[in-house]
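A.B. asks: Here you go, coords37.cif (mmCIF, C-alpha atoms):
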data_query
loop_
_atom_site.group_PDB
_atom_site.id
_atom_site.type_symbol
_atom_site.label_atom_id
_atom_site.label_comp_id
_atom_site.auth_asym_id
_atom_site.auth_seq_id
_atom_site.Cartn_x
_atom_site.Cartn_y
_atom_site.Cartn_z
ATOM 1 C CA ALA E 22 0.000 0.000 0.000
ATOM 2 C CA ALA E 23 2.830 2.411 0.811
ATOM 3 C CA GLN E 24 4.374 1.812 -2.610
ATOM 4 C CA GLU E 25 1.007 2.435 -4.300
ATOM 5 C CA GLU E 26 0.560 5.716 -2.419
ATOM 6 C CA GLU E 27 4.078 6.807 -3.292
ATOM 7 C CA ALA E 28 3.448 5.954 -6.948
ATOM 8 C CA GLU E 29 0.162 7.896 -6.890
ATOM 9 C CA ALA E 30 1.825 10.883 -5.227
ATOM 10 C CA LYS E 31 4.486 10.861 -7.945
ATOM 11 C CA GLY E 32 1.888 10.362 -10.684
ATOM 12 C CA ALA E 33 3.207 6.917 -11.613
ATOM 13 C CA ASP E 34 0.135 4.911 -10.563
ATOM 14 C CA GLN E 35 -2.346 5.469 -13.359
ATOM 15 C CA PHE E 36 -5.089 3.484 -11.596
ATOM 16 C CA ALA E 37 -4.904 5.196 -8.201
ATOM 17 C CA VAL E 38 -7.582 7.762 -8.940
ATOM 18 C CA THR E 39 -9.799 5.060 -10.441
ATOM 19 C CA ARG E 40 -9.502 3.071 -7.201
ATOM 20 C CA ALA E 41 -10.264 6.214 -5.178
ATOM 21 C CA ILE E 42 -13.368 6.919 -7.276
ATOM 22 C CA SER E 43 -14.547 3.339 -6.851
ATOM 23 C CA ALA E 44 -14.012 3.507 -3.095
ATOM 24 C CA ALA E 45 -15.731 6.907 -2.876
ATOM 25 C CA ASP E 46 -18.870 5.326 -4.342
ATOM 26 C CA ALA E 47 -19.199 3.321 -1.126
ATOM 27 C CA LEU E 48 -20.167 6.474 0.752
ATOM 28 C CA THR E 49 -23.457 6.793 -1.120
ATOM 29 C CA ASN E 50 -24.183 3.146 -1.969
ATOM 30 C CA PRO E 51 -26.431 1.172 0.395
ATOM 31 C CA LEU E 52 -24.719 -0.730 3.174
ATOM 32 C CA THR E 53 -25.388 -4.450 3.021
ATOM 33 C CA ASP E 54 -26.374 -4.616 6.695
ATOM 34 C CA ALA E 55 -27.986 -1.186 6.985
ATOM 35 C CA GLU E 56 -31.535 -0.546 8.001
ATOM 36 C CA GLU E 57 -33.737 0.269 5.030
ATOM 37 C CA GLY E 58 -30.813 -0.054 2.588
ATOM 38 C CA LEU E 59 -29.330 3.306 3.568
ATOM 39 C CA SER E 60 -25.921 4.505 2.421
ATOM 40 C CA PRO E 61 -23.306 5.365 5.063
ATOM 41 C CA VAL E 62 -23.996 9.084 4.564
ATOM 42 C CA ASP E 63 -27.774 8.652 4.858
ATOM 43 C CA ARG E 64 -27.459 6.332 7.872
ATOM 44 C CA TRP E 65 -25.106 8.783 9.571
ATOM 45 C CA VAL E 66 -27.555 11.648 8.997
ATOM 46 C CA GLN E 67 -30.425 9.519 10.336
ATOM 47 C CA LEU E 68 -28.525 8.688 13.529
ATOM 48 C CA ALA E 69 -27.042 12.166 13.936
ATOM 49 C CA ARG E 70 -30.522 13.721 13.941
ATOM 50 C CA LYS E 71 -31.159 11.694 17.107
ATOM 51 C CA ASN E 72 -27.941 13.081 18.649
ATOM 52 C CA GLU E 73 -28.293 16.765 17.787
ATOM 53 C CA ARG E 74 -27.121 19.180 20.441
ATOM 54 C CA GLU E 75 -29.847 21.581 19.321
ATOM 55 C CA ALA E 76 -32.918 21.093 17.139
ATOM 56 C CA GLY E 77 -32.225 21.518 13.430
ATOM 57 C CA GLN E 78 -28.435 21.237 13.783
ATOM 58 C CA ILE E 79 -28.088 18.542 11.094
ATOM 59 C CA ASP E 80 -30.411 20.275 8.643
ATOM 60 C CA ARG E 81 -28.412 23.502 9.004
ATOM 61 C CA LEU E 82 -25.151 21.583 8.588
ATOM 62 C CA LEU E 83 -26.405 19.891 5.418
ATOM 63 C CA GLY E 84 -27.563 23.258 4.092
ATOM 64 C CA ASP E 85 -24.143 24.770 4.761
ATOM 65 C CA LEU E 86 -22.312 21.845 3.153
ATOM 66 C CA GLY E 87 -24.488 21.597 0.059
ATOM 67 C CA GLN E 88 -24.680 18.429 -2.008
ATOM 68 C CA ILE E 89 -22.056 15.741 -1.550
ATOM 69 C CA PRO E 90 -19.500 15.997 -4.368
ATOM 70 C CA PRO E 91 -19.673 13.257 -6.992
ATOM 71 C CA ALA E 92 -17.553 10.124 -6.604
ATOM 72 C CA VAL E 93 -15.456 11.248 -9.592
ATOM 73 C CA GLU E 94 -14.110 13.914 -7.207
ATOM 74 C CA PRO E 95 -12.900 11.541 -4.464
ATOM 75 C CA SER E 96 -10.838 14.029 -2.447
ATOM 76 C CA GLU E 97 -13.631 16.598 -2.414
ATOM 77 C CA ARG E 98 -16.082 13.883 -1.373
ATOM 78 C CA ALA E 99 -13.760 12.787 1.452
ATOM 79 C CA PHE E 100 -13.378 16.382 2.689
ATOM 80 C CA TRP E 101 -17.180 16.804 2.577
ATOM 81 C CA VAL E 102 -17.607 13.692 4.750
ATOM 82 C CA GLY E 103 -14.994 15.041 7.153
ATOM 83 C CA ALA E 104 -16.955 18.287 7.479
ATOM 84 C CA LEU E 105 -20.180 16.327 7.933
ATOM 85 C CA ILE E 106 -19.038 14.055 10.743
ATOM 86 C CA ASN E 107 -16.786 16.661 12.429
ATOM 87 C CA PRO E 108 -18.943 19.804 12.364
ATOM 88 C CA LEU E 109 -18.281 22.954 14.317
ATOM 89 C CA PRO E 110 -19.530 23.179 16.973
ATOM 90 C CA ALA E 111 -18.644 19.557 17.631
ATOM 91 C CA MET E 112 -21.339 16.964 18.221
ATOM 92 C CA GLY E 113 -19.102 14.424 19.953
ATOM 93 C CA VAL E 114 -20.241 11.522 17.758
ATOM 94 C CA ALA E 115 -17.092 10.902 15.669
ATOM 95 C CA MET E 116 -13.339 10.787 15.964
ATOM 96 C CA GLU E 117 -11.652 13.887 14.557
ATOM 97 C CA ILE E 118 -10.572 13.046 10.998
ATOM 98 C CA ARG E 119 -9.977 16.493 9.483
ATOM 99 C CA PRO E 120 -6.225 16.665 10.270
ATOM 100 C CA ALA E 121 -5.714 13.194 8.780
ATOM 101 C CA LEU E 122 -7.638 14.207 5.661
ATOM 102 C CA LEU E 123 -5.531 17.340 5.267
ATOM 103 C CA THR E 124 -2.231 15.501 5.652
ATOM 104 C CA ALA E 125 -3.146 12.495 3.487
ATOM 105 C CA ARG E 126 -0.968 12.346 0.403
ATOM 106 C CA THR E 127 -3.407 10.654 -1.964
ATOM 107 C CA ALA E 128 -7.086 10.645 -2.871
ATOM 108 C CA GLU E 129 -7.253 6.955 -2.012
ATOM 109 C CA GLU E 130 -5.950 7.596 1.480
ATOM 110 C CA ARG E 131 -8.423 10.465 2.010
ATOM 111 C CA VAL E 132 -11.325 8.264 0.916
ATOM 112 C CA ARG E 133 -10.213 5.444 3.244
ATOM 113 C CA ILE E 134 -10.013 7.894 6.149
ATOM 114 C CA SER E 135 -13.488 9.268 5.438
ATOM 115 C CA ILE E 136 -15.061 5.811 5.073
ATOM 116 C CA ASP E 137 -13.447 4.574 8.277
ATOM 117 C CA GLY E 138 -14.490 7.741 10.111
ATOM 118 C CA ILE E 139 -18.133 7.647 9.065
ATOM 119 C CA LEU E 140 -18.503 3.893 9.690
ATOM 120 C CA ARG E 141 -16.953 4.180 13.161
ATOM 121 C CA SER E 142 -19.251 7.096 13.927
ATOM 122 C CA ILE E 143 -22.296 5.107 12.793
ATOM 123 C CA LYS E 144 -21.294 2.205 15.044
ATOM 124 C CA HIS E 145 -20.769 4.615 17.920
ATOM 125 C CA MET E 146 -24.164 6.242 17.481
ATOM 126 C CA ASP E 147 -26.090 2.982 16.963
ATOM 127 C CA GLY E 148 -24.384 1.523 20.045
ATOM 128 C CA SER E 149 -22.763 -1.434 18.280
ATOM 129 C CA ALA E 150 -19.190 -0.196 18.935
ATOM 130 C CA ARG E 151 -18.971 2.735 21.330
ATOM 131 C CA MET E 152 -15.769 4.768 21.048
ATOM 132 C CA TRP E 153 -15.993 6.281 24.545
#
Mind turning the file's structure into structure tokens?

C.D. replies:
Amino acid sequence: AAQEEEAEAKGADQFAVTRAISAADALTNPLTDAEEGLSPVDRWVQLARKNEREAGQIDRLLGDLGQIPPAVEPSERAFWVGALINPLPAMGVAMEIRPALLTARTAEERVRISIDGILRSIKHMDGSARMW
């Protein structure tokens, strides 16, 4: 994996962005074990509405963020997910992933960070794997 990331960073891995795009699709495709066939983003929003610190917090956040970028823009999509699950003011429902996203060297790495972050947050909020 380290060699692939280095190759992508140097522009030598011609399939790296394709892999990142494919992985970024997972954020809006239904989870196999999700209630009602929801995507990770939709499931996170559903659970986060139950954990709002103030009424309407998630709707305002979604309005501020706008539409999720398309999967063909994997880094932008990963940054959007980072802003979604780590809003300001903080909700306390996800590990902080924004610094990792900003220091990631490749689109693939950013997408992996965002997927891991949102899935861990979902498990935290649904009680299946509490983080604290």

A.B. asks: Find, counting only C-alpha atoms, the residue in E:Ile143, E:Ala125, E:Ala44, E:Ala99 that gets nearest to Asp63 (chain E).

C.D. replies: E:Ile143

A.B. asks: Step by step: start from the point (-12.5, 10.6, 12.7) in the file's coordinates, keep every protein, DNA or RNA residue that has an atom no farther than 8 Å from it, count all atoms listed in the file, and write the set as a VMD selection string.

C.D. replies: chain E and resid 103 106 to 107 115 to 119 134 to 135 137 to 139 141 to 142

A.B. asks: For Glu130 (chain E), which of E:Val38, E:Ala47, E:Ala111, E:Ala150 is the closest residue, counting all atoms listed in the file?

C.D. replies: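 Of E:Val38, E:Ala47, E:Ala111, E:Ala150, the one nearest Glu130 (chain E), counting all atoms listed in the file, is E:Val38.
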
A.B. asks: Residue by residue, what does the PyMOL selection byres ((chain E and resi 61) around 8) grab here? Present the result as an mmCIF file with C-alpha atoms, in the frame of the given file.

C.D. replies:
data_model
loop_
_atom_site.group_PDB
_atom_site.id
_atom_site.type_symbol
_atom_site.label_atom_id
_atom_site.label_comp_id
_atom_site.auth_asym_id
_atom_site.auth_seq_id
_atom_site.Cartn_x
_atom_site.Cartn_y
_atom_site.Cartn_z
ATOM 1 C CA ALA E 47 -19.199 3.321 -1.126
ATOM 2 C CA LEU E 48 -20.167 6.474 0.752
ATOM 3 C CA THR E 49 -23.457 6.793 -1.120
ATOM 4 C CA ASN E 50 -24.183 3.146 -1.969
ATOM 5 C CA PRO E 51 -26.431 1.172 0.395
ATOM 6 C CA LEU E 52 -24.719 -0.730 3.174
ATOM 7 C CA LEU E 59 -29.330 3.306 3.568
ATOM 8 C CA SER E 60 -25.921 4.505 2.421
ATOM 9 C CA VAL E 62 -23.996 9.084 4.564
ATOM 10 C CA ASP E 63 -27.774 8.652 4.858
ATOM 11 C CA ARG E 64 -27.459 6.332 7.872
ATOM 12 C CA TRP E 65 -25.106 8.783 9.571
ATOM 13 C CA ILE E 139 -18.133 7.647 9.065
ATOM 14 C CA LEU E 140 -18.503 3.893 9.690
ATOM 15 C CA ILE E 143 -22.296 5.107 12.793
#

A.B. asks: Interatomic distance between CA of Ala45 (chain E) and CA of Arg98 (chain E)?

C.D. replies: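 Going from CA of Ala45 (chain E) over to CA of Arg98 (chain E) covers 7.1 Å.
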
A.B. asks: To one decimal in Å, tell me the separation between CA of Phe36 (chain E) and CA of Glu129 (chain E).

C.D. replies: 10.4 Å

A.B. asks: Step by step: locate region 60-138 of chain E in the block above, keep C-alpha atoms, then write the file as a CSV table (one decimal), in the first residue's frame.

C.D. replies:
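Dumped to selection-v5.csv:
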chain,number,residue,atom,x,y,z
E,60,SER,CA,-25.9,4.5,2.4
E,61,PRO,CA,-23.3,5.4,5.1
E,62,VAL,CA,-24.0,9.1,4.6
E,63,ASP,CA,-27.8,8.7,4.9
E,64,ARG,CA,-27.5,6.3,7.9
E,65,TRP,CA,-25.1,8.8,9.6
E,66,VAL,CA,-27.6,11.6,9.0
E,67,GLN,CA,-30.4,9.5,10.3
E,68,LEU,CA,-28.5,8.7,13.5
E,69,ALA,CA,-27.0,12.2,13.9
E,70,ARG,CA,-30.5,13.7,13.9
E,71,LYS,CA,-31.2,11.7,17.1
E,72,ASN,CA,-27.9,13.1,18.6
E,73,GLU,CA,-28.3,16.8,17.8
E,74,ARG,CA,-27.1,19.2,20.4
E,75,GLU,CA,-29.8,21.6,19.3
E,76,ALA,CA,-32.9,21.1,17.1
E,77,GLY,CA,-32.2,21.5,13.4
E,78,GLN,CA,-28.4,21.2,13.8
E,79,ILE,CA,-28.1,18.5,11.1
E,80,ASP,CA,-30.4,20.3,8.6
E,81,ARG,CA,-28.4,23.5,9.0
E,82,LEU,CA,-25.2,21.6,8.6
E,83,LEU,CA,-26.4,19.9,5.4
E,84,GLY,CA,-27.6,23.3,4.1
E,85,ASP,CA,-24.1,24.8,4.8
E,86,LEU,CA,-22.3,21.8,3.2
E,87,GLY,CA,-24.5,21.6,0.1
E,88,GLN,CA,-24.7,18.4,-2.0
E,89,ILE,CA,-22.1,15.7,-1.6
E,90,PRO,CA,-19.5,16.0,-4.4
E,91,PRO,CA,-19.7,13.3,-7.0
E,92,ALA,CA,-17.6,10.1,-6.6
E,93,VAL,CA,-15.5,11.2,-9.6
E,94,GLU,CA,-14.1,13.9,-7.2
E,95,PRO,CA,-12.9,11.5,-4.5
E,96,SER,CA,-10.8,14.0,-2.4
E,97,GLU,CA,-13.6,16.6,-2.4
E,98,ARG,CA,-16.1,13.9,-1.4
E,99,ALA,CA,-13.8,12.8,1.5
E,100,PHE,CA,-13.4,16.4,2.7
E,101,TRP,CA,-17.2,16.8,2.6
E,102,VAL,CA,-17.6,13.7,4.8
E,103,GLY,CA,-15.0,15.0,7.2
E,104,ALA,CA,-17.0,18.3,7.5
E,105,LEU,CA,-20.2,16.3,7.9
E,106,ILE,CA,-19.0,14.1,10.7
E,107,ASN,CA,-16.8,16.7,12.4
E,108,PRO,CA,-18.9,19.8,12.4
E,109,LEU,CA,-18.3,23.0,14.3
E,110,PRO,CA,-19.5,23.2,17.0
E,111,ALA,CA,-18.6,19.6,17.6
E,112,MET,CA,-21.3,17.0,18.2
E,113,GLY,CA,-19.1,14.4,20.0
E,114,VAL,CA,-20.2,11.5,17.8
E,115,ALA,CA,-17.1,10.9,15.7
E,116,MET,CA,-13.3,10.8,16.0
E,117,GLU,CA,-11.7,13.9,14.6
E,118,ILE,CA,-10.6,13.0,11.0
E,119,ARG,CA,-10.0,16.5,9.5
E,120,PRO,CA,-6.2,16.7,10.3
E,121,ALA,CA,-5.7,13.2,8.8
E,122,LEU,CA,-7.6,14.2,5.7
E,123,LEU,CA,-5.5,17.3,5.3
E,124,THR,CA,-2.2,15.5,5.7
E,125,ALA,CA,-3.1,12.5,3.5
E,126,ARG,CA,-1.0,12.3,0.4
E,127,THR,CA,-3.4,10.7,-2.0
E,128,ALA,CA,-7.1,10.6,-2.9
E,129,GLU,CA,-7.3,7.0,-2.0
E,130,GLU,CA,-5.9,7.6,1.5
E,131,ARG,CA,-8.4,10.5,2.0
E,132,VAL,CA,-11.3,8.3,0.9
E,133,ARG,CA,-10.2,5.4,3.2
E,134,ILE,CA,-10.0,7.9,6.1
E,135,SER,CA,-13.5,9.3,5.4
E,136,ILE,CA,-15.1,5.8,5.1
E,137,ASP,CA,-13.4,4.6,8.3
E,138,GLY,CA,-14.5,7.7,10.1
